[in-house]
Amino acid sequence: MNERHFTLGVLVDNKYGVLTRVSSLFSRRGFNIDSLTVGETDDPAVSRMTVVSSGDDHTLDQIVKQLLKLVDVRNITVLEPDSTVYRELMLIKVKAKAGKRTEIMEAVNVFRANVVDLAPDTLTAELTGSSSKLDAFIEYVRPFGIEELCRTGITAMSRGKK
């Protein structure tokens with residue numbers, strides 16, 4: 001069995017209950033969702049789900065077939081790693097005592113993050129990029145103390161014109 005991560009771009013009707021039906025399908029069939037993001041497209045009647053899961057080719061095939069059976073699913077694209085742009089957003093609140101702020105700010109600059117809140121004892125940064133970039137920032141600031149962390153999960157889009 002050759003297990004791998006795969007990413008699906010799923011266009012669905014923007015109606016209540018669709019997210020529940022999609023996530024329930026995964027649960028009923030014993031498929032795990034590693035990451036799930038959902039948002040409205042340029043058409044308010046359509047939402048786009050980016051679903052990251054894992055398994056072999058048979059699992060991927062079964063997930064696609066089962067999703068296509070759902071009435072609210074309009075289209076599914078299996079996003080190939082070499083021709084896809086992946087991004088994730090993270091907000092991270094770090095302990096930032098007076099003597100350490102400069103070092104944390106240098107990391108914010110190196111990682112091309114943005115400071116979105118500055119309090120007397122904490123600094124909140126916003127980072128966008130690959131999951132590995134976000135992981136690297138977390139590991140760098142961990143010694144300072146992480147107060148709170150929130151990640152959106154992966155969102156993805158194929159490169160070029162489709």
# chains A, B, ... in the order shown; residues from 1 in each chain; ligands from 1
$ select_by_dssp --residues "region 31-125 of chain A" --states "strand (DSSP E or B)" --output "VMD selection string"
chain A and resid 33 to 40 46 to 55 73 to 79 84 to 95 114 to 118 122 to 125
$ write_last_selection --atoms "N, CA and C atoms" --output "short mmCIF file (atom, residue, chain, number, x, y, z; two decimals), in the first residue's frame"
data_model
loop_
_atom_site.label_atom_id
_atom_site.label_comp_id
_atom_site.auth_asym_id
_atom_site.auth_seq_id
_atom_site.Cartn_x
_atom_site.Cartn_y
_atom_site.Cartn_z
N ILE A 33 -9.75 13.35 7.53
CA ILE A 33 -9.50 14.67 6.94
C ILE A 33 -8.33 15.28 7.69
N ASP A 34 -7.21 15.51 6.99
CA ASP A 34 -6.05 16.12 7.61
C ASP A 34 -6.20 17.63 7.72
N SER A 35 -6.85 18.22 6.72
CA SER A 35 -7.05 19.66 6.70
C SER A 35 -8.30 19.94 5.86
N LEU A 36 -9.08 20.93 6.29
CA LEU A 36 -10.29 21.30 5.57
C LEU A 36 -10.48 22.81 5.68
N THR A 37 -10.54 23.47 4.54
CA THR A 37 -10.87 24.89 4.53
C THR A 37 -12.04 25.09 3.57
N VAL A 38 -12.89 26.04 3.91
CA VAL A 38 -14.08 26.31 3.09
C VAL A 38 -14.28 27.80 3.01
N GLY A 39 -14.62 28.28 1.82
CA GLY A 39 -14.92 29.69 1.65
C GLY A 39 -15.73 29.92 0.39
N GLU A 40 -16.45 31.01 0.41
CA GLU A 40 -17.25 31.41 -0.74
C GLU A 40 -16.35 31.78 -1.91
N VAL A 46 -21.72 29.53 -4.71
CA VAL A 46 -20.76 28.42 -4.75
C VAL A 46 -19.68 28.63 -3.69
N SER A 47 -19.36 27.57 -2.96
CA SER A 47 -18.23 27.57 -2.03
C SER A 47 -17.18 26.61 -2.53
N ARG A 48 -15.95 26.86 -2.12
CA ARG A 48 -14.85 25.97 -2.48
C ARG A 48 -14.30 25.36 -1.21
N MET A 49 -14.20 24.05 -1.23
CA MET A 49 -13.58 23.33 -0.13
C MET A 49 -12.22 22.84 -0.60
N THR A 50 -11.23 23.00 0.25
CA THR A 50 -9.93 22.38 0.01
C THR A 50 -9.79 21.31 1.07
N VAL A 51 -9.74 20.06 0.64
CA VAL A 51 -9.69 18.92 1.55
C VAL A 51 -8.36 18.21 1.35
N VAL A 52 -7.61 18.05 2.44
CA VAL A 52 -6.38 17.28 2.41
C VAL A 52 -6.62 16.00 3.19
N SER A 53 -6.32 14.89 2.57
CA SER A 53 -6.50 13.59 3.20
C SER A 53 -5.31 12.71 2.81
N SER A 54 -5.34 11.48 3.21
CA SER A 54 -4.24 10.59 2.85
C SER A 54 -4.77 9.18 2.61
N GLY A 55 -4.00 8.44 1.86
CA GLY A 55 -4.36 7.07 1.53
C GLY A 55 -3.69 6.66 0.24
N VAL A 73 -22.43 18.69 -4.54
CA VAL A 73 -21.08 18.77 -5.09
C VAL A 73 -21.18 19.04 -6.58
N ARG A 74 -20.54 20.15 -7.01
CA ARG A 74 -20.58 20.55 -8.42
C ARG A 74 -19.38 20.03 -9.22
N ASN A 75 -18.21 20.03 -8.59
CA ASN A 75 -16.99 19.66 -9.32
C ASN A 75 -15.91 19.27 -8.31
N ILE A 76 -15.05 18.34 -8.71
CA ILE A 76 -13.91 17.94 -7.87
C ILE A 76 -12.67 17.96 -8.73
N THR A 77 -11.61 18.56 -8.21
CA THR A 77 -10.32 18.57 -8.88
C THR A 77 -9.29 17.97 -7.93
N VAL A 78 -8.59 16.95 -8.40
CA VAL A 78 -7.46 16.42 -7.63
C VAL A 78 -6.28 17.32 -7.97
N LEU A 79 -5.77 18.03 -6.97
CA LEU A 79 -4.70 19.00 -7.18
C LEU A 79 -3.35 18.30 -7.10
N THR A 84 0.42 23.01 -8.21
CA THR A 84 -0.53 23.60 -7.27
C THR A 84 0.18 24.57 -6.34
N VAL A 85 -0.49 25.66 -6.03
CA VAL A 85 -0.01 26.62 -5.04
C VAL A 85 -0.73 26.30 -3.72
N TYR A 86 0.05 26.06 -2.66
CA TYR A 86 -0.50 25.75 -1.34
C TYR A 86 -0.16 26.89 -0.39
N ARG A 87 -1.12 27.29 0.42
CA ARG A 87 -0.87 28.31 1.43
C ARG A 87 -1.66 27.99 2.69
N GLU A 88 -1.15 28.50 3.79
CA GLU A 88 -1.81 28.37 5.07
C GLU A 88 -1.61 29.68 5.82
N LEU A 89 -2.57 30.05 6.64
CA LEU A 89 -2.49 31.26 7.45
C LEU A 89 -2.40 30.86 8.91
N MET A 90 -1.56 31.57 9.65
CA MET A 90 -1.44 31.31 11.08
C MET A 90 -1.39 32.63 11.84
N LEU A 91 -2.08 32.67 12.96
CA LEU A 91 -1.93 33.73 13.94
C LEU A 91 -1.25 33.10 15.15
N ILE A 92 -0.21 33.74 15.66
CA ILE A 92 0.53 33.19 16.78
C ILE A 92 0.85 34.30 17.77
N LYS A 93 0.48 34.07 19.02
CA LYS A 93 0.76 35.03 20.10
C LYS A 93 1.94 34.50 20.91
N VAL A 94 2.99 35.31 20.97
CA VAL A 94 4.24 34.91 21.61
C VAL A 94 4.51 35.81 22.80
N LYS A 95 5.02 35.22 23.90
CA LYS A 95 5.46 36.03 25.03
C LYS A 95 6.60 36.92 24.55
N ASN A 114 3.69 39.54 9.68
CA ASN A 114 3.20 40.87 10.06
C ASN A 114 2.81 40.85 11.52
N VAL A 115 3.17 41.88 12.24
CA VAL A 115 2.71 42.03 13.62
C VAL A 115 1.32 42.65 13.55
N VAL A 116 0.34 41.94 14.14
CA VAL A 116 -1.04 42.43 14.09
C VAL A 116 -1.53 42.91 15.45
N ASP A 117 -0.76 42.62 16.50
CA ASP A 117 -1.11 43.12 17.83
C ASP A 117 0.14 43.13 18.69
N LEU A 118 0.28 44.20 19.44
CA LEU A 118 1.41 44.35 20.34
C LEU A 118 0.87 44.77 21.69
N THR A 122 3.03 40.53 25.19
CA THR A 122 2.89 39.60 24.07
C THR A 122 2.96 40.34 22.74
N LEU A 123 3.23 39.54 21.71
CA LEU A 123 3.25 40.02 20.34
C LEU A 123 2.49 38.99 19.51
N THR A 124 1.54 39.45 18.69
CA THR A 124 0.79 38.54 17.83
C THR A 124 1.21 38.77 16.39
N ALA A 125 1.62 37.68 15.74
CA ALA A 125 2.08 37.77 14.36
C ALA A 125 1.14 36.98 13.46
#
$ select_by_dssp --residues "chain A" --states "alpha helix (DSSP H)" --output "ChimeraX atom specification"
/A:18-29,57-68,101-110,131-141
$ closest_residue --among "A:Ile63, A:Leu11, A:Ala45, A:Ala119" --to "Arg28 (chain A)" --atoms "only C-alpha atoms"
A:Ile63
$ closest_residue --among "A:Gly30, A:Gly9, A:Gly145, A:Gly129" --to "Gln62 (chain A)" --atoms "only C-alpha atoms"
A:Gly30
$ residues_around --residues "Leu70 (chain A)" --least-positions-apart "2" --cutoff "12 Å" --atoms "only C-alpha atoms" --output "PyMOL selection string"
chain A and resi 10-13+17-25+63-68+72-76
$ closest_residue --among "A:Ile146, A:Arg29, A:Leu60, A:Pro44" --to "Arg4 (chain A)" --atoms "only C-alpha atoms"
A:Leu60
$ residues_around --residues "Asp57 (chain A)" --least-positions-apart "3" --cutoff "8 Å" --atoms "only C-alpha atoms" --output "list in words"
Asn2, Glu3, Leu60 and Asp61 of chain A
$ atom_distance --atom1 "CA of Arg142 (chain A)" --atom2 "CA of Arg112 (chain A)"
17.7 Å
$ atom_distance --atom1 "CA of Ser83 (chain A)" --atom2 "CA of Leu8 (chain A)"
13.0 Å
